[in-house]
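Asker: Below is the file coords_23.cif, with mmCIF, N, CA and C atoms; chains and numbers go by the auth columns.
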data_run
#
loop_
_atom_site.group_PDB
_atom_site.id
_atom_site.type_symbol
_atom_site.label_atom_id
_atom_site.label_comp_id
_atom_site.label_asym_id
_atom_site.label_seq_id
_atom_site.Cartn_x
_atom_site.Cartn_y
_atom_site.Cartn_z
_atom_site.B_iso_or_equiv
_atom_site.auth_seq_id
_atom_site.auth_asym_id
ATOM 1 N N MET A 1 0.841 -1.179 0.000 0.00 365 U
ATOM 2 C CA MET A 1 0.000 0.000 0.000 0.00 365 U
ATOM 3 C C MET A 1 0.890 1.248 0.000 0.00 365 U
ATOM 4 N N ALA A 2 0.530 2.227 -0.813 0.00 366 U
ATOM 5 C CA ALA A 2 1.315 3.455 -0.893 0.00 366 U
ATOM 6 C C ALA A 2 1.050 4.325 0.328 0.00 366 U
ATOM 7 N N LYS A 3 2.087 5.051 0.751 0.00 367 U
ATOM 8 C CA LYS A 3 1.873 5.919 1.907 0.00 367 U
ATOM 9 C C LYS A 3 1.189 7.213 1.459 0.00 367 U
ATOM 10 N N GLU A 4 0.489 7.836 2.381 0.00 368 U
ATOM 11 C CA GLU A 4 -0.313 9.013 2.057 0.00 368 U
ATOM 12 C C GLU A 4 0.568 10.239 1.814 0.00 368 U
ATOM 13 N N ASN A 5 0.117 11.067 0.903 0.00 369 U
ATOM 14 C CA ASN A 5 0.800 12.305 0.582 0.00 369 U
ATOM 15 C C ASN A 5 0.025 13.448 1.239 0.00 369 U
ATOM 16 N N PRO A 6 0.600 14.097 2.267 0.00 370 U
ATOM 17 C CA PRO A 6 -0.152 15.146 2.970 0.00 370 U
ATOM 18 C C PRO A 6 -0.465 16.361 2.091 0.00 370 U
ATOM 19 N N LEU A 7 0.422 16.701 1.164 0.00 371 U
ATOM 20 C CA LEU A 7 0.147 17.838 0.278 0.00 371 U
ATOM 21 C C LEU A 7 -1.012 17.538 -0.663 0.00 371 U
ATOM 22 N N LEU A 8 -1.058 16.326 -1.161 0.00 372 U
ATOM 23 C CA LEU A 8 -2.153 15.928 -2.040 0.00 372 U
ATOM 24 C C LEU A 8 -3.468 15.941 -1.273 0.00 372 U
ATOM 25 N N ASN A 9 -3.467 15.406 -0.070 0.00 373 U
ATOM 26 C CA ASN A 9 -4.682 15.398 0.742 0.00 373 U
ATOM 27 C C ASN A 9 -5.152 16.820 1.054 0.00 373 U
ATOM 28 N N GLU A 10 -4.220 17.709 1.339 0.00 374 U
ATOM 29 C CA GLU A 10 -4.568 19.104 1.627 0.00 374 U
ATOM 30 C C GLU A 10 -5.175 19.776 0.394 0.00 374 U
ATOM 31 N N ASP A 11 -4.596 19.499 -0.774 0.00 375 U
ATOM 32 C CA ASP A 11 -5.116 20.071 -2.013 0.00 375 U
ATOM 33 C C ASP A 11 -6.524 19.557 -2.304 0.00 375 U
ATOM 34 N N ILE A 12 -6.742 18.282 -2.087 0.00 376 U
ATOM 35 C CA ILE A 12 -8.065 17.698 -2.317 0.00 376 U
ATOM 36 C C ILE A 12 -9.089 18.325 -1.373 0.00 376 U
ATOM 37 N N GLU A 13 -8.741 18.481 -0.113 0.00 377 U
ATOM 38 C CA GLU A 13 -9.660 19.088 0.858 0.00 377 U
ATOM 39 C C GLU A 13 -9.982 20.532 0.475 0.00 377 U
ATOM 40 N N LYS A 14 -8.965 21.276 0.001 0.00 378 U
ATOM 41 C CA LYS A 14 -9.185 22.663 -0.398 0.00 378 U
ATOM 42 C C LYS A 14 -10.120 22.745 -1.589 0.00 378 U
ATOM 43 N N ARG A 15 -9.951 21.879 -2.553 0.00 379 U
ATOM 44 C CA ARG A 15 -10.818 21.879 -3.731 0.00 379 U
ATOM 45 C C ARG A 15 -12.255 21.514 -3.358 0.00 379 U
ATOM 46 N N ILE A 16 -12.418 20.573 -2.446 0.00 380 U
ATOM 47 C CA ILE A 16 -13.759 20.190 -1.993 0.00 380 U
ATOM 48 C C ILE A 16 -14.435 21.377 -1.308 0.00 380 U
ATOM 49 N N GLN A 17 -13.701 22.104 -0.473 0.00 381 U
ATOM 50 C CA GLN A 17 -14.268 23.262 0.215 0.00 381 U
ATOM 51 C C GLN A 17 -14.644 24.365 -0.784 0.00 381 U
ATOM 52 N N ASP A 18 -13.824 24.566 -1.822 0.00 382 U
ATOM 53 C CA ASP A 18 -14.131 25.579 -2.833 0.00 382 U
ATOM 54 C C ASP A 18 -15.405 25.227 -3.596 0.00 382 U
ATOM 55 N N VAL A 19 -15.589 23.962 -3.914 0.00 383 U
ATOM 56 C CA VAL A 19 -16.778 23.539 -4.647 0.00 383 U
ATOM 57 C C VAL A 19 -18.014 23.667 -3.762 0.00 383 U
ATOM 58 N N ARG A 20 -17.911 23.343 -2.514 0.00 384 U
ATOM 59 C CA ARG A 20 -19.054 23.438 -1.606 0.00 384 U
ATOM 60 C C ARG A 20 -19.468 24.876 -1.362 0.00 384 U
ATOM 61 N N TYR A 21 -18.572 25.826 -1.547 0.00 385 U
ATOM 62 C CA TYR A 21 -18.861 27.233 -1.281 0.00 385 U
ATOM 63 C C TYR A 21 -19.765 27.856 -2.341 0.00 385 U
ATOM 64 N N GLU A 22 -19.840 27.262 -3.535 0.00 386 U
ATOM 65 C CA GLU A 22 -20.628 27.843 -4.622 0.00 386 U
ATOM 66 C C GLU A 22 -22.101 27.888 -4.259 0.00 386 U
ATOM 67 N N LYS A 23 -22.806 28.891 -4.805 0.00 387 U
ATOM 68 C CA LYS A 23 -24.235 29.043 -4.543 0.00 387 U
ATOM 69 C C LYS A 23 -25.013 27.914 -5.213 0.00 387 U
ATOM 70 N N GLY A 24 -26.079 27.540 -4.568 0.00 388 U
ATOM 71 C CA GLY A 24 -26.932 26.512 -5.129 0.00 388 U
ATOM 72 C C GLY A 24 -27.866 27.072 -6.189 0.00 388 U
ATOM 73 N N GLU A 25 -28.508 26.195 -6.922 0.00 389 U
ATOM 74 C CA GLU A 25 -29.415 26.608 -7.982 0.00 389 U
ATOM 75 C C GLU A 25 -30.638 27.317 -7.431 0.00 389 U
ATOM 76 N N SER A 26 -31.091 26.961 -6.246 0.00 390 U
ATOM 77 C CA SER A 26 -32.301 27.571 -5.702 0.00 390 U
ATOM 78 C C SER A 26 -32.097 29.057 -5.443 0.00 390 U
ATOM 79 N N GLU A 27 -30.930 29.459 -4.978 0.00 391 U
ATOM 80 C CA GLU A 27 -30.668 30.874 -4.735 0.00 391 U
ATOM 81 C C GLU A 27 -30.629 31.653 -6.042 0.00 391 U
ATOM 82 N N LYS A 28 -30.034 31.097 -7.056 0.00 392 U
ATOM 83 C CA LYS A 28 -29.945 31.785 -8.335 0.00 392 U
ATOM 84 C C LYS A 28 -31.325 31.946 -8.968 0.00 392 U
ATOM 85 N N SER A 29 -32.147 30.903 -8.937 0.00 393 U
ATOM 86 C CA SER A 29 -33.462 30.982 -9.555 0.00 393 U
ATOM 87 C C SER A 29 -34.383 31.914 -8.773 0.00 393 U
ATOM 88 N N ARG A 30 -34.231 31.988 -7.466 0.00 394 U
ATOM 89 C CA ARG A 30 -35.049 32.901 -6.668 0.00 394 U
ATOM 90 C C ARG A 30 -34.815 34.345 -7.089 0.00 394 U
ATOM 91 N N ARG A 31 -33.586 34.713 -7.275 0.00 395 U
ATOM 92 C CA ARG A 31 -33.269 36.088 -7.647 0.00 395 U
ATOM 93 C C ARG A 31 -33.848 36.404 -9.023 0.00 395 U
ATOM 94 N N SER A 32 -33.707 35.521 -9.996 0.00 396 U
ATOM 95 C CA SER A 32 -34.225 35.786 -11.330 0.00 396 U
ATOM 96 C C SER A 32 -35.749 35.835 -11.313 0.00 396 U
ATOM 97 N N MET A 33 -36.394 35.003 -10.510 0.00 397 U
ATOM 98 C CA MET A 33 -37.850 35.025 -10.409 0.00 397 U
ATOM 99 C C MET A 33 -38.314 36.363 -9.838 0.00 397 U
ATOM 100 N N PHE A 34 -37.592 36.893 -8.869 0.00 398 U
ATOM 101 C CA PHE A 34 -37.922 38.190 -8.284 0.00 398 U
ATOM 102 C C PHE A 34 -37.881 39.286 -9.351 0.00 398 U
ATOM 103 N N TYR A 35 -36.843 39.290 -10.173 0.00 399 U
ATOM 104 C CA TYR A 35 -36.734 40.313 -11.204 0.00 399 U
ATOM 105 C C TYR A 35 -37.817 40.160 -12.266 0.00 399 U
ATOM 106 N N ILE A 36 -38.183 38.943 -12.598 0.00 400 U
ATOM 107 C CA ILE A 36 -39.252 38.725 -13.576 0.00 400 U
ATOM 108 C C ILE A 36 -40.572 39.279 -13.057 0.00 400 U
ATOM 109 N N VAL A 37 -40.867 39.048 -11.783 0.00 401 U
ATOM 110 C CA VAL A 37 -42.104 39.561 -11.196 0.00 401 U
ATOM 111 C C VAL A 37 -42.104 41.085 -11.200 0.00 401 U
ATOM 112 N N ILE A 38 -40.990 41.696 -10.838 0.00 402 U
ATOM 113 C CA ILE A 38 -40.904 43.159 -10.822 0.00 402 U
ATOM 114 C C ILE A 38 -41.097 43.731 -12.226 0.00 402 U
ATOM 115 N N VAL A 39 -40.454 43.135 -13.214 0.00 403 U
ATOM 116 C CA VAL A 39 -40.584 43.617 -14.592 0.00 403 U
ATOM 117 C C VAL A 39 -42.024 43.484 -15.073 0.00 403 U
ATOM 118 N N CYS A 40 -42.681 42.372 -14.745 0.00 404 U
ATOM 119 C CA CYS A 40 -44.081 42.187 -15.146 0.00 404 U
ATOM 120 C C CYS A 40 -44.992 43.216 -14.489 0.00 404 U
ATOM 121 N N LEU A 41 -44.784 43.489 -13.213 0.00 405 U
ATOM 122 C CA LEU A 41 -45.615 44.482 -12.519 0.00 405 U
ATOM 123 C C LEU A 41 -45.422 45.886 -13.095 0.00 405 U
ATOM 124 N N VAL A 42 -44.202 46.253 -13.395 0.00 406 U
ATOM 125 C CA VAL A 42 -43.941 47.573 -13.975 0.00 406 U
ATOM 126 C C VAL A 42 -44.564 47.666 -15.364 0.00 406 U
ATOM 127 N N THR A 43 -44.417 46.618 -16.152 0.00 407 U
ATOM 128 C CA THR A 43 -45.005 46.601 -17.495 0.00 407 U
ATOM 129 C C THR A 43 -46.524 46.717 -17.418 0.00 407 U
ATOM 130 N N LEU A 44 -47.147 45.991 -16.517 0.00 408 U
ATOM 131 C CA LEU A 44 -48.593 46.039 -16.345 0.00 408 U
ATOM 132 C C LEU A 44 -49.057 47.433 -15.927 0.00 408 U
ATOM 133 N N SER A 45 -48.313 48.063 -15.034 0.00 409 U
ATOM 134 C CA SER A 45 -48.703 49.407 -14.591 0.00 409 U
ATOM 135 C C SER A 45 -48.573 50.420 -15.729 0.00 409 U
ATOM 136 N N VAL A 46 -47.565 50.290 -16.563 0.00 410 U
ATOM 137 C CA VAL A 46 -47.402 51.204 -17.702 0.00 410 U
ATOM 138 C C VAL A 46 -48.525 50.994 -18.711 0.00 410 U
ATOM 139 N N ILE A 47 -48.885 49.748 -18.986 0.00 411 U
ATOM 140 C CA ILE A 47 -49.962 49.462 -19.935 0.00 411 U
ATOM 141 C C ILE A 47 -51.293 50.004 -19.411 0.00 411 U
ATOM 142 N N LEU A 48 -51.578 49.794 -18.128 0.00 412 U
ATOM 143 C CA LEU A 48 -52.812 50.306 -17.558 0.00 412 U
ATOM 144 C C LEU A 48 -52.841 51.836 -17.581 0.00 412 U
ATOM 145 N N SER A 49 -51.708 52.453 -17.325 0.00 413 U
ATOM 146 C CA SER A 49 -51.638 53.905 -17.383 0.00 413 U
ATOM 147 C C SER A 49 -51.918 54.423 -18.798 0.00 413 U
ATOM 148 N N LEU A 50 -51.361 53.756 -19.805 0.00 414 U
ATOM 149 C CA LEU A 50 -51.603 54.165 -21.183 0.00 414 U
ATOM 150 C C LEU A 50 -53.069 53.962 -21.580 0.00 414 U
ATOM 151 N N LEU A 51 -53.670 52.866 -21.118 0.00 415 U
ATOM 152 C CA LEU A 51 -55.078 52.622 -21.428 0.00 415 U
ATOM 153 C C LEU A 51 -55.976 53.671 -20.793 0.00 415 U
ATOM 154 N N ARG A 52 -55.672 54.103 -19.589 0.00 416 U
ATOM 155 C CA ARG A 52 -56.463 55.161 -18.935 0.00 416 U
ATOM 156 C C ARG A 52 -56.305 56.473 -19.686 0.00 416 U
ATOM 157 N N TYR A 53 -55.102 56.741 -20.160 0.00 417 U
ATOM 158 C CA TYR A 53 -54.845 57.990 -20.875 0.00 417 U
ATOM 159 C C TYR A 53 -55.593 58.009 -22.212 0.00 417 U
ATOM 160 N N LEU A 54 -55.623 56.885 -22.921 0.00 418 U
ATOM 161 C CA LEU A 54 -56.285 56.807 -24.226 0.00 418 U
ATOM 162 C C LEU A 54 -57.794 56.717 -24.085 0.00 418 U
ATOM 163 N N GLY A 55 -58.263 56.141 -22.983 0.00 419 U
ATOM 164 C CA GLY A 55 -59.699 55.896 -22.820 0.00 419 U
ATOM 165 C C GLY A 55 -60.484 56.984 -22.278 0.00 419 U
#
Would you write out, as structure tokens, the structure that this file holds?
Answerer:
Amino acid sequence: MAKENPLLNEDIEKRIQDVRYEKGESEKSRRSMFYIVIVCLVTLSVILSLLRYLG
């Protein structure tokens, strides 16, 4: 059996910690959903305002 390499083990642990630090998909989709809702509400308010002005 080969003996363990402490530098290799340290590098592997560091890479695992870096990968675990990344944001999950749920956080990313939540932010985009928030912006979509805001854009839709603003668009709806502008359309309603134009309809009141024309009507």
Asker: If you run DSSP on the backbone, which residues of chain U are alpha helix (DSSP H), as an MDAnalysis selection string?
Answerer: chainID U and resid 370:385 389:418
Asker: To one decimal place, how far is CA of Leu414 (chain U) from atom C of Ile402 (chain U) in Å?
Answerer: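 Value for the CA of Leu414 (chain U)-atom C of Ile402 (chain U) distance: 17.3 Å.
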Asker: As an exercise, work out the distance from CA of Leu418 (chain U) to atom C of Ile400 (chain U) in Å and give it to one decimal place.
Answerer: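 Answer for the CA of Leu418 (chain U) to atom C of Ile400 (chain U) separation: 26.1 Å.
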Asker: To one decimal place, how far is atom N of Val401 (chain U) from atom C of Tyr385 (chain U) in Å?
Answerer: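 Separation between atom N of Val401 (chain U) and atom C of Tyr385 (chain U): 25.7 Å.
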